[in-house]
Amino acid sequence: MASACNLWLPVALIVALAASACTGHEVATRARAQPVTPATSDEAEKLVPSSPAPQVVFATPRPSPAPQAAAVQPPAEAAPSGWFQPGRYAVDVHKKLSGTHARNWLSEDSRASFVLSLDANGQADACRGIRTRSSHSGPGVNSFSSTAHQQGYRGRWELKGEWLHVELNVDDGRCGRQQLYENLQPQRWLLRCRKLGAGEHSRYTERLLACALDNPQEHQYQESFAYFVPEVIAGDWLLLAPSDGLRVDWLDDSVPPGANPSQVALKPAQGRVEDDTWTKP
């Protein structure tokens, strides 16, 4: 028997979803071999015995100490006055999925919004919401499902090198909780964000925050579904624009990943992205 946890999930999750990962660079150094240091003439004379017969003396090479590798310095801390500015960041994602499997037809329509506020004193809060409508029709099957979910958060942010780290803890006081099944308890979100410039993707001319989710293993269900967008840069990212926010139009195929890549377009939000934007038609 399928559990309640699986009943609410959209059809797209049954087929396939991609994950992303971030990698770092390691630095290694090697000490080069040092040339042999010959003995001085005074040192060589001391090695010659007092016998009148001439002798050829070879001085023993003295090894030079190997140079020490330079210590790897951690990246300098980014200042709030640099690439990142505290403020309001948001996104409105319109995702459509469809596909034919044998004689079956799958379709899905989702709208998700995410509003993140970062105060100058290090405080953070967020509200996310999503509604999804899915259908599956074919010989012997004709089903339709819909779901709606909203959750609020409060926490803190800090800069560490090039990364902005945001810890968001569940807080129903930020925006009212809505969920289909009471046994699916939302968990905290740990976001790791960096600057995304237009030169990296050429899809949007303004600055963006690109955020990865560092703790998906803590979640009971896939809370990140429809928020994290592929095909812009490597991996799946939550993309946020300052002030009014970003709009993402995302067309996907229910055929397994790789057969038909996702089509993603980025543009300024059509009106300010609010907490309840996800509820709009």
# chains A, B, ... in the order shown; residues from 1 in each chain; ligands from 1
$ closest_atom_pairs --of "stretch 214-243 of chain A" --to "stretch 83-100 of chain A" --cutoff "10 Å" --atoms "only C-alpha atoms" --output "JSON lines"
{"residue": "A:Ala226", "atom": "CA", "partner": "A:Lys95", "partner_atom": "CA", "distance": 6.9}
{"residue": "A:Tyr227", "atom": "CA", "partner": "A:Val93", "partner_atom": "CA", "distance": 6.7}
{"residue": "A:Phe228", "atom": "CA", "partner": "A:Val93", "partner_atom": "CA", "distance": 9.1}
{"residue": "A:Val229", "atom": "CA", "partner": "A:Val93", "partner_atom": "CA", "distance": 8.7}
{"residue": "A:Leu238", "atom": "CA", "partner": "A:Val91", "partner_atom": "CA", "distance": 8.4}
{"residue": "A:Leu239", "atom": "CA", "partner": "A:Val91", "partner_atom": "CA", "distance": 6.8}
{"residue": "A:Leu240", "atom": "CA", "partner": "A:Ala90", "partner_atom": "CA", "distance": 5.0}
{"residue": "A:Ala241", "atom": "CA", "partner": "A:Tyr89", "partner_atom": "CA", "distance": 5.2}
{"residue": "A:Pro242", "atom": "CA", "partner": "A:Tyr89", "partner_atom": "CA", "distance": 4.2}
{"residue": "A:Ser243", "atom": "CA", "partner": "A:Arg88", "partner_atom": "CA", "distance": 5.3}
$ write_last_selection --atoms "C-alpha atoms" --output "PDB file, in the first residue's frame"
ATOM      1  CA  ALA A 226       9.820  23.164  -8.802  1.00  0.00           C
ATOM      2  CA  TYR A 227      11.948  25.805  -7.044  1.00  0.00           C
ATOM      3  CA  PHE A 228      15.376  24.586  -8.221  1.00  0.00           C
ATOM      4  CA  VAL A 229      15.854  25.230 -11.927  1.00  0.00           C
ATOM      5  CA  LEU A 238      17.134  28.362  -6.695  1.00  0.00           C
ATOM      6  CA  LEU A 239      17.512  31.601  -8.677  1.00  0.00           C
ATOM      7  CA  LEU A 240      16.539  34.853  -6.949  1.00  0.00           C
ATOM      8  CA  ALA A 241      16.514  38.442  -8.211  1.00  0.00           C
ATOM      9  CA  PRO A 242      16.535  41.508  -5.949  1.00  0.00           C
ATOM     10  CA  SER A 243      13.549  43.752  -5.276  1.00  0.00           C
TER      11      SER A 243
END
$ residues_around --residues "A:Ser145" --least-positions-apart "5" --cutoff "7 Å" --atoms "only C-alpha atoms" --output "list in words"
Arg133, Ser134 and Ser135 of chain A
$ residues_around --residues "A:Thr205" --least-positions-apart "2" --cutoff "12 Å" --atoms "only C-alpha atoms" --output "list in words"
Leu196, Gly197, Ala198, Gly199, Glu200, His201, Ser202, Arg203, Arg207, Leu208, Ala241, Leu246, Leu266, Lys267 and Pro268 of chain A
$ closest_residue --among "A:Arg177, A:Pro281, A:Asp249, A:Val166" --to "A:Leu213" --atoms "only C-alpha atoms"
A:Val166
$ residues_around --residues "A:Gln179" --least-positions-apart "5" --cutoff "12 Å" --atoms "only C-alpha atoms" --output "MDAnalysis selection string"
chainID A and resid 5 8:9 128:131 146:152 172 184:186 223
$ atom_distance --atom1 "atom CA of A:Gln263" --atom2 "atom CA of A:Ser224"
18.8 Å
$ atom_distance --atom1 "atom CA of A:Arg154" --atom2 "atom CA of A:Glu167"
8.0 Å
$ atom_distance --atom1 "atom CA of A:Gln222" --atom2 "atom CA of A:Leu251"
19.6 Å
